[in-house]
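This report refers to the structure that appears directly beneath it.
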Amino acid sequence: MTHQSPTLSEAQKRELHETALRIVSPGKGILAADESVGSMAKRLAQVGVENTEENRRQYRQILFSADDRINGCIGGVIFFHETLYQHSDNSVPFVKMIRERGIMVGIKVDKGVVPLAGTCGETTTQGQTTKYYGLLLISLTSPQRNAYYKTNYHSIVNLTGLDGLSERCAQYKKDGAVFAKCRCVLKISDANPSQLAIAENANVLARYSSICQQHGIVPIIEPEILPDGDHDLKRSQYITEKVLTAVYKAMSDHHVYLEGTLLKPNMVTAGHSCSTKYSPEEVAMATVTALRRTVPPAVTGVAFLSGGQSEEEASVHLNAINNCPLAKPWILTFSFGRALQASALRAWRGHKENEKAATEQFIKRAEANSLACQGKYTGGDNYGESGQRSYGSCHAY
């Protein structure tokens, strides 16, 4: 007879739910500043900046040092591992800078995608370090651990599997993170995503979520369906529904506490090569319908990824989603990377004298998306201008 194994205490559940609510409280979304070193190389190359640790630190500092205007717009920041242990020019840890503003600190725990055997070009997500490294790092003092990470990081992250995630979550929680993110990637084609890829990635996300919650960390669940291809809106909605159905079946199988989770899905949009152009209202109706058919109302919030849309497209679509006339039992907000940062990066271009202008661009986008997640955004002057997209085919980070 099927039975539920003992999982979380009532106190643990309460903590997780309260954290999730704080991250997506009214008008607030998530800054996804968790680009890997490789992904940052591509972003920085676009503006002629060398991909060094110092340049990455300087750029993140531009975002994290924005004034109090972002306090009502950003509820959480997702850090990359390197960034979690970096400091400002004044030697203030980035984690402390964020936490002192009442913003929740999160951490990206996946290590990118790898080919999934038995499929046609599909992938699954790499996990984390092995138990040996997890136990070793916990035994070190903070200065020793930071030095060890810096020296051995690349050898550590090349290991795969979820076996070490528990130890890493324990350490990340000690170091200030209260939520985490794991991204899986699926592609739409005539044959894909296969049932194998859907099931494998759903199981990865569910196991990750369960492990995070055991350590008091709210998992963000990100099953991203890439916008590569020429598929129309109807097929995008169909595949999104199939994927989310599998994800929440796996969540049930792993006894994940849904009230202590956030979902980070793609908006339902047509493929970037689709000849048919859909209105924001059509995108919103397809997106909300897909969610209503698959996502339990117990899920605290849905923080959409931008999926390579331009900054304006992402804001306009988010606004339309929140104004969709269908009933929506979840908080619907944003977890944007490029759609919050693209203008700031272009304004900065690696020059010290441009830092203030870059910060202003970031604040502008944060305020726009704060309005959009309340259905109050009235911008959209550049909506649909494909030249403003920062999307690359089969993008990964």
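If you're wondering about the labels, chains in the structure tokens are A, B, ... by order shown, residues count from 1 in each chain, ligands from 1 in order shown.
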Could you give me, as a VMD selection string, the residues within 9 Å of Ala357 in chain A, counting only C-alpha atoms and dropping anything in the same chain fewer than 4 positions from it? chain A and resid 344 347 to 348 353 361 to 362
Keeping only N, CA, C and O atoms, take the residues you just selected and write them out as an mmCIF file, in the first residue's frame.
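What follows is the written file out26.cif:
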```cif
data_model
loop_
_atom_site.group_PDB
_atom_site.id
_atom_site.type_symbol
_atom_site.label_atom_id
_atom_site.label_comp_id
_atom_site.auth_asym_id
_atom_site.auth_seq_id
_atom_site.Cartn_x
_atom_site.Cartn_y
_atom_site.Cartn_z
ATOM 1 N N ALA A 344 21.340 47.442 -19.100
ATOM 2 C CA ALA A 344 22.399 47.814 -18.158
ATOM 3 C C ALA A 344 23.765 47.407 -18.694
ATOM 4 O O ALA A 344 24.745 48.169 -18.594
ATOM 5 N N ALA A 347 24.820 49.690 -21.455
ATOM 6 C CA ALA A 347 25.187 51.018 -20.946
ATOM 7 C C ALA A 347 26.566 50.997 -20.285
ATOM 8 O O ALA A 347 27.314 51.972 -20.362
ATOM 9 N N TRP A 348 26.899 49.889 -19.649
ATOM 10 C CA TRP A 348 28.166 49.806 -18.909
ATOM 11 C C TRP A 348 29.370 49.668 -19.827
ATOM 12 O O TRP A 348 30.292 50.473 -19.790
ATOM 13 N N GLU A 353 33.113 55.030 -15.722
ATOM 14 C CA GLU A 353 32.266 56.223 -15.783
ATOM 15 C C GLU A 353 30.836 55.922 -16.208
ATOM 16 O O GLU A 353 29.951 56.766 -16.089
ATOM 17 N N GLN A 361 19.655 51.945 -15.741
ATOM 18 C CA GLN A 361 18.961 51.089 -16.706
ATOM 19 C C GLN A 361 18.399 49.845 -16.019
ATOM 20 O O GLN A 361 17.277 49.418 -16.320
ATOM 21 N N PHE A 362 19.178 49.280 -15.104
ATOM 22 C CA PHE A 362 18.684 48.128 -14.352
ATOM 23 C C PHE A 362 17.471 48.499 -13.509
ATOM 24 O O PHE A 362 16.461 47.775 -13.495
#
```
Would you mind listing what lies within 12 Å of Arg99 in chain A as an MDAnalysis selection string, with only C-alpha atoms counted and same-chain residues fewer than 2 positions away left out? chainID A and resid 23 64 71 74:77 84 92:97 101:106 175:178
Can you pull out every residue within 12 Å of range 15-21 of chain A, counting only C-alpha atoms, but drop anything in the same chain fewer than 4 positions away, and send it as a ChimeraX atom specification? /A:8-11,25-30,75-76,102-106,177-180,209-210,212-220,256-263,298-303,330-333
Kindly export the residues of the current selection with N, CA and C atoms, as a short mmCIF file (atom, residue, chain, number, x, y, z; two decimals), in the first residue's frame.
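Printed below is selection27.cif as written:
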```
data_model
loop_
_atom_site.label_atom_id
_atom_site.label_comp_id
_atom_site.auth_asym_id
_atom_site.auth_seq_id
_atom_site.Cartn_x
_atom_site.Cartn_y
_atom_site.Cartn_z
N LEU A 8 8.78 16.57 6.18
CA LEU A 8 9.04 17.84 6.83
C LEU A 8 8.16 18.04 8.05
N SER A 9 8.72 18.70 9.06
CA SER A 9 7.91 19.06 10.22
C SER A 9 7.05 20.26 9.88
N GLU A 10 6.09 20.56 10.74
CA GLU A 10 5.24 21.73 10.50
C GLU A 10 6.06 23.01 10.53
N ALA A 11 7.06 23.06 11.39
CA ALA A 11 7.92 24.26 11.46
C ALA A 11 8.71 24.43 10.17
N SER A 25 6.43 38.49 -3.00
CA SER A 25 5.41 39.35 -2.42
C SER A 25 4.97 40.38 -3.46
N PRO A 26 3.80 41.01 -3.29
CA PRO A 26 3.23 41.87 -4.33
C PRO A 26 4.20 42.89 -4.91
N GLY A 27 4.29 42.89 -6.23
CA GLY A 27 5.15 43.83 -6.93
C GLY A 27 6.60 43.40 -7.04
N LYS A 28 6.93 42.25 -6.47
CA LYS A 28 8.33 41.82 -6.47
C LYS A 28 8.54 40.57 -7.32
N GLY A 29 9.72 40.51 -7.91
CA GLY A 29 10.14 39.35 -8.67
C GLY A 29 11.57 39.00 -8.33
N ILE A 30 12.22 38.26 -9.22
CA ILE A 30 13.56 37.73 -8.96
C ILE A 30 14.54 38.22 -10.02
N GLY A 75 12.44 40.73 -4.97
CA GLY A 75 12.27 39.97 -3.73
C GLY A 75 13.36 38.95 -3.50
N GLY A 76 14.07 38.59 -4.57
CA GLY A 76 15.13 37.61 -4.45
C GLY A 76 16.15 37.78 -5.56
N GLY A 102 16.57 43.32 2.84
CA GLY A 102 15.37 42.50 2.96
C GLY A 102 15.11 41.65 1.73
N ILE A 103 16.10 41.50 0.87
CA ILE A 103 15.97 40.69 -0.34
C ILE A 103 16.55 39.31 -0.08
N MET A 104 15.85 38.28 -0.52
CA MET A 104 16.27 36.90 -0.28
C MET A 104 17.41 36.50 -1.22
N VAL A 105 18.32 35.72 -0.68
CA VAL A 105 19.48 35.25 -1.44
C VAL A 105 19.23 33.82 -1.92
N GLY A 106 19.42 33.60 -3.22
CA GLY A 106 19.27 32.27 -3.79
C GLY A 106 20.56 31.83 -4.45
N ALA A 177 22.12 31.46 1.71
CA ALA A 177 21.11 31.20 0.69
C ALA A 177 19.87 30.55 1.31
N VAL A 178 18.69 31.04 0.92
CA VAL A 178 17.45 30.47 1.45
C VAL A 178 16.57 29.90 0.33
N PHE A 179 17.00 30.07 -0.91
CA PHE A 179 16.31 29.40 -2.01
C PHE A 179 17.33 29.01 -3.06
N ALA A 180 16.94 28.11 -3.95
CA ALA A 180 17.86 27.59 -4.96
C ALA A 180 17.13 27.46 -6.28
N SER A 209 14.23 19.19 -5.63
CA SER A 209 13.31 19.94 -4.78
C SER A 209 13.20 19.32 -3.40
N SER A 210 13.09 18.01 -3.36
CA SER A 210 12.98 17.31 -2.08
C SER A 210 14.22 17.50 -1.22
N CYS A 212 16.45 19.98 -1.40
CA CYS A 212 16.50 21.38 -0.95
C CYS A 212 15.63 21.61 0.27
N GLN A 213 14.40 21.10 0.21
CA GLN A 213 13.47 21.36 1.29
C GLN A 213 13.92 20.72 2.60
N GLN A 214 14.62 19.62 2.54
CA GLN A 214 15.13 19.00 3.76
C GLN A 214 16.11 19.91 4.48
N HIS A 215 16.69 20.85 3.76
CA HIS A 215 17.67 21.78 4.35
C HIS A 215 17.11 23.19 4.50
N GLY A 216 15.78 23.33 4.41
CA GLY A 216 15.16 24.64 4.61
C GLY A 216 15.38 25.59 3.47
N ILE A 217 15.63 25.07 2.28
CA ILE A 217 15.85 25.89 1.10
C ILE A 217 14.67 25.73 0.15
N VAL A 218 14.09 26.85 -0.27
CA VAL A 218 12.96 26.82 -1.20
C VAL A 218 13.48 26.52 -2.60
N PRO A 219 13.00 25.45 -3.24
CA PRO A 219 13.45 25.16 -4.60
C PRO A 219 12.64 25.92 -5.64
N ILE A 220 13.37 26.53 -6.57
CA ILE A 220 12.73 27.05 -7.78
C ILE A 220 12.84 25.97 -8.84
N VAL A 256 7.14 16.33 -2.42
CA VAL A 256 7.58 17.72 -2.33
C VAL A 256 6.45 18.57 -1.79
N TYR A 257 6.77 19.44 -0.86
CA TYR A 257 5.81 20.34 -0.23
C TYR A 257 5.60 21.53 -1.17
N LEU A 258 4.51 21.55 -1.89
CA LEU A 258 4.30 22.51 -2.97
C LEU A 258 4.22 23.95 -2.49
N GLU A 259 3.65 24.15 -1.29
CA GLU A 259 3.55 25.51 -0.76
C GLU A 259 4.92 26.13 -0.49
N GLY A 260 5.94 25.28 -0.43
CA GLY A 260 7.30 25.74 -0.21
C GLY A 260 8.14 25.68 -1.48
N THR A 261 7.51 25.88 -2.62
CA THR A 261 8.21 25.87 -3.91
C THR A 261 7.77 27.07 -4.75
N LEU A 262 8.59 27.38 -5.74
CA LEU A 262 8.23 28.33 -6.78
C LEU A 262 8.49 27.67 -8.13
N LEU A 263 7.69 27.99 -9.11
CA LEU A 263 7.86 27.46 -10.46
C LEU A 263 8.44 28.56 -11.36
N ALA A 298 -1.72 24.96 -4.95
CA ALA A 298 -0.89 25.02 -3.74
C ALA A 298 0.46 25.67 -4.00
N VAL A 299 0.93 25.67 -5.26
CA VAL A 299 2.22 26.28 -5.58
C VAL A 299 2.15 27.77 -5.25
N THR A 300 3.13 28.27 -4.51
CA THR A 300 3.07 29.64 -4.00
C THR A 300 3.16 30.69 -5.09
N GLY A 301 4.04 30.49 -6.04
CA GLY A 301 4.21 31.51 -7.07
C GLY A 301 4.81 30.96 -8.34
N VAL A 302 4.55 31.67 -9.42
CA VAL A 302 5.10 31.34 -10.74
C VAL A 302 5.91 32.55 -11.19
N ALA A 303 7.21 32.35 -11.33
CA ALA A 303 8.12 33.43 -11.73
C ALA A 303 8.67 33.09 -13.11
N TRP A 330 -2.25 31.60 -8.37
CA TRP A 330 -0.87 31.79 -7.94
C TRP A 330 -0.45 33.24 -8.14
N ILE A 331 0.59 33.64 -7.44
CA ILE A 331 1.26 34.90 -7.73
C ILE A 331 2.03 34.70 -9.03
N LEU A 332 1.85 35.60 -9.98
CA LEU A 332 2.51 35.50 -11.29
C LEU A 332 3.48 36.65 -11.45
N THR A 333 4.77 36.34 -11.47
CA THR A 333 5.78 37.39 -11.48
C THR A 333 6.92 37.00 -12.41
#
```
Could you name the residues that touch range 372-374 of chain A at 7 Å or less, counting only C-alpha atoms, but leaving out those on the same chain fewer than 2 positions away, as a compact mmCIF listing (two decimals) with all heavy atoms, in the first residue's frame?
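Result file follows (part_24.txt):
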```txt
# COMPACT_ATOMS: atom_id res chain seq x y z
N GLY A 27 4.29 42.89 -6.23
CA GLY A 27 5.15 43.83 -6.93
C GLY A 27 6.60 43.40 -7.04
O GLY A 27 7.41 44.11 -7.64
N SER A 315 8.25 42.17 -20.60
CA SER A 315 7.41 42.98 -19.71
C SER A 315 5.97 43.04 -20.21
O SER A 315 5.02 42.94 -19.41
CB SER A 315 7.99 44.40 -19.60
OG SER A 315 9.29 44.39 -19.05
N LEU A 318 4.30 39.66 -19.61
CA LEU A 318 4.02 39.47 -18.19
C LEU A 318 2.82 40.31 -17.77
O LEU A 318 1.96 39.85 -17.00
CB LEU A 318 5.24 39.84 -17.36
CG LEU A 318 5.09 39.71 -15.84
CD1 LEU A 318 4.77 38.28 -15.43
CD2 LEU A 318 6.38 40.19 -15.13
N ASN A 319 2.74 41.51 -18.26
CA ASN A 319 1.61 42.38 -17.94
C ASN A 319 0.30 41.78 -18.46
O ASN A 319 -0.71 41.76 -17.75
CB ASN A 319 1.83 43.76 -18.56
CG ASN A 319 0.83 44.79 -18.09
OD1 ASN A 319 0.89 45.25 -16.96
ND2 ASN A 319 -0.10 45.16 -18.96
N ASN A 322 -0.90 38.86 -16.35
CA ASN A 322 -1.56 39.27 -15.11
C ASN A 322 -2.92 39.90 -15.35
O ASN A 322 -3.75 39.96 -14.42
CB ASN A 322 -0.65 40.20 -14.31
CG ASN A 322 0.36 39.44 -13.48
OD1 ASN A 322 0.03 38.91 -12.42
ND2 ASN A 322 1.59 39.34 -13.96
N LEU A 332 1.85 35.60 -9.98
CA LEU A 332 2.51 35.50 -11.29
C LEU A 332 3.48 36.65 -11.45
O LEU A 332 3.07 37.80 -11.58
CB LEU A 332 1.46 35.51 -12.41
CG LEU A 332 0.39 34.41 -12.35
CD1 LEU A 332 -0.63 34.59 -13.46
CD2 LEU A 332 1.04 33.03 -12.44
N THR A 333 4.77 36.34 -11.47
CA THR A 333 5.78 37.39 -11.48
C THR A 333 6.92 37.00 -12.41
O THR A 333 6.76 36.20 -13.33
CB THR A 333 6.24 37.70 -10.05
OG1 THR A 333 7.12 38.82 -10.06
CG2 THR A 333 6.91 36.51 -9.39
N ALA A 368 9.76 48.53 -14.29
CA ALA A 368 8.82 48.14 -15.34
C ALA A 368 8.22 46.77 -15.06
O ALA A 368 7.00 46.56 -15.18
CB ALA A 368 9.51 48.15 -16.70
N ASN A 369 9.06 45.82 -14.65
CA ASN A 369 8.56 44.47 -14.40
C ASN A 369 7.79 44.37 -13.09
O ASN A 369 6.90 43.52 -12.96
CB ASN A 369 9.72 43.48 -14.46
CG ASN A 369 10.21 43.28 -15.87
OD1 ASN A 369 9.45 42.85 -16.73
ND2 ASN A 369 11.46 43.61 -16.14
N SER A 370 8.11 45.25 -12.14
CA SER A 370 7.30 45.32 -10.92
C SER A 370 5.86 45.72 -11.27
O SER A 370 4.89 45.15 -10.75
CB SER A 370 7.90 46.32 -9.95
OG SER A 370 7.07 46.48 -8.81
N LYS A 376 0.03 46.48 -14.33
CA LYS A 376 -0.06 47.94 -14.39
C LYS A 376 0.95 48.57 -15.35
O LYS A 376 1.12 49.78 -15.37
CB LYS A 376 0.15 48.53 -13.00
CG LYS A 376 -0.88 48.10 -11.97
CD LYS A 376 -0.56 48.67 -10.60
CE LYS A 376 -1.56 48.23 -9.54
NZ LYS A 376 -1.21 48.76 -8.19
N TYR A 377 1.63 47.75 -16.15
CA TYR A 377 2.66 48.28 -17.03
C TYR A 377 2.03 48.89 -18.27
O TYR A 377 1.20 48.28 -18.92
CB TYR A 377 3.63 47.18 -17.43
CG TYR A 377 4.79 47.65 -18.29
CD1 TYR A 377 5.64 48.66 -17.84
CD2 TYR A 377 5.03 47.08 -19.54
CE1 TYR A 377 6.71 49.08 -18.61
CE2 TYR A 377 6.10 47.50 -20.31
CZ TYR A 377 6.93 48.50 -19.84
OH TYR A 377 7.98 48.93 -20.62
```
Write out as JSON, numbers by chain all residues of range 75-312 of chain A that DSSP puts in strand (DSSP E or B) for this structure's backbone. {"A": [75, 76, 77, 78, 79, 87, 93, 104, 105, 106, 107, 108, 113, 114, 115, 123, 124, 125, 179, 180, 181, 182, 183, 184, 185, 186, 218, 219, 220, 221, 222, 223, 224, 225, 262, 263, 301, 302, 303, 304]}
Preceding selection exported with C-alpha atoms as a PDB file, in the first residue's frame:
```
ATOM      1  CA  GLY A  75      12.268  39.969  -3.734  1.00  0.00           C
ATOM      2  CA  GLY A  76      15.130  37.607  -4.451  1.00  0.00           C
ATOM      3  CA  VAL A  77      18.455  37.405  -6.263  1.00  0.00           C
ATOM      4  CA  ILE A  78      19.801  34.136  -7.663  1.00  0.00           C
ATOM      5  CA  PHE A  79      23.575  34.001  -7.273  1.00  0.00           C
ATOM      6  CA  HIS A  87      32.660  41.288  -2.109  1.00  0.00           C
ATOM      7  CA  PRO A  93      30.079  40.554   0.974  1.00  0.00           C
ATOM      8  CA  MET A 104      16.267  36.903  -0.284  1.00  0.00           C
ATOM      9  CA  VAL A 105      19.476  35.246  -1.441  1.00  0.00           C
ATOM     10  CA  GLY A 106      19.273  32.269  -3.787  1.00  0.00           C
ATOM     11  CA  ILE A 107      21.840  30.011  -5.423  1.00  0.00           C
ATOM     12  CA  LYS A 108      22.018  28.176  -8.740  1.00  0.00           C
ATOM     13  CA  VAL A 113      23.027  20.212 -19.285  1.00  0.00           C
ATOM     14  CA  VAL A 114      24.546  17.044 -20.702  1.00  0.00           C
ATOM     15  CA  PRO A 115      23.361  14.748 -23.530  1.00  0.00           C
ATOM     16  CA  THR A 123      19.570  16.668 -22.593  1.00  0.00           C
ATOM     17  CA  THR A 124      19.320  16.170 -18.868  1.00  0.00           C
ATOM     18  CA  THR A 125      20.767  18.344 -16.122  1.00  0.00           C
ATOM     19  CA  PHE A 179      16.310  29.403  -2.009  1.00  0.00           C
ATOM     20  CA  ALA A 180      17.855  27.592  -4.956  1.00  0.00           C
ATOM     21  CA  LYS A 181      17.358  27.086  -8.657  1.00  0.00           C
ATOM     22  CA  CYS A 182      17.783  24.073 -10.903  1.00  0.00           C
ATOM     23  CA  ARG A 183      17.175  24.360 -14.651  1.00  0.00           C
ATOM     24  CA  CYS A 184      16.263  21.577 -17.031  1.00  0.00           C
ATOM     25  CA  VAL A 185      15.972  22.155 -20.772  1.00  0.00           C
ATOM     26  CA  LEU A 186      13.643  20.641 -23.350  1.00  0.00           C
ATOM     27  CA  VAL A 218      12.964  26.824  -1.199  1.00  0.00           C
ATOM     28  CA  PRO A 219      13.451  25.157  -4.600  1.00  0.00           C
ATOM     29  CA  ILE A 220      12.733  27.054  -7.777  1.00  0.00           C
ATOM     30  CA  ILE A 221      11.638  24.511 -10.367  1.00  0.00           C
ATOM     31  CA  GLU A 222      12.703  25.465 -13.897  1.00  0.00           C
ATOM     32  CA  PRO A 223      11.628  23.177 -16.749  1.00  0.00           C
ATOM     33  CA  GLU A 224      12.519  25.487 -19.642  1.00  0.00           C
ATOM     34  CA  ILE A 225      11.139  24.691 -23.084  1.00  0.00           C
ATOM     35  CA  LEU A 262       8.229  28.335  -6.784  1.00  0.00           C
ATOM     36  CA  LEU A 263       7.859  27.463 -10.465  1.00  0.00           C
ATOM     37  CA  GLY A 301       4.210  31.510  -7.068  1.00  0.00           C
ATOM     38  CA  VAL A 302       5.101  31.341 -10.735  1.00  0.00           C
ATOM     39  CA  ALA A 303       8.116  33.435 -11.728  1.00  0.00           C
ATOM     40  CA  PHE A 304       8.452  33.364 -15.502  1.00  0.00           C
TER      41      PHE A 304
END
```
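Shell of Pro280 in chain A at 7 Å, with only C-alpha atoms counted and residues fewer than 6 places along the chain excluded, is Val316, His317 and Ala320 of chain A.
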Output of the above residues as a PDB file, in the first residue's frame, restricted to N, CA, C and O atoms:
```
ATOM      1  N   VAL A 316       5.801  43.225 -21.498  1.00  0.00           N
ATOM      2  CA  VAL A 316       4.450  43.319 -22.070  1.00  0.00           C
ATOM      3  C   VAL A 316       3.701  42.000 -21.904  1.00  0.00           C
ATOM      4  O   VAL A 316       2.523  41.979 -21.541  1.00  0.00           O
ATOM      5  N   HIS A 317       4.388  40.885 -22.148  1.00  0.00           N
ATOM      6  CA  HIS A 317       3.736  39.584 -21.987  1.00  0.00           C
ATOM      7  C   HIS A 317       3.395  39.314 -20.522  1.00  0.00           C
ATOM      8  O   HIS A 317       2.311  38.791 -20.221  1.00  0.00           O
ATOM      9  N   ALA A 320       0.338  41.273 -19.696  1.00  0.00           N
ATOM     10  CA  ALA A 320      -0.864  40.666 -20.288  1.00  0.00           C
ATOM     11  C   ALA A 320      -1.286  39.416 -19.527  1.00  0.00           C
ATOM     12  O   ALA A 320      -2.485  39.158 -19.331  1.00  0.00           O
TER      13      ALA A 320
END
```
From a DSSP pass on the backbone, collect the residues of range 329-370 of chain A flagged as alpha helix (DSSP H) and hand them back as a PyMOL selection string. chain A and resi 338-348+355-370
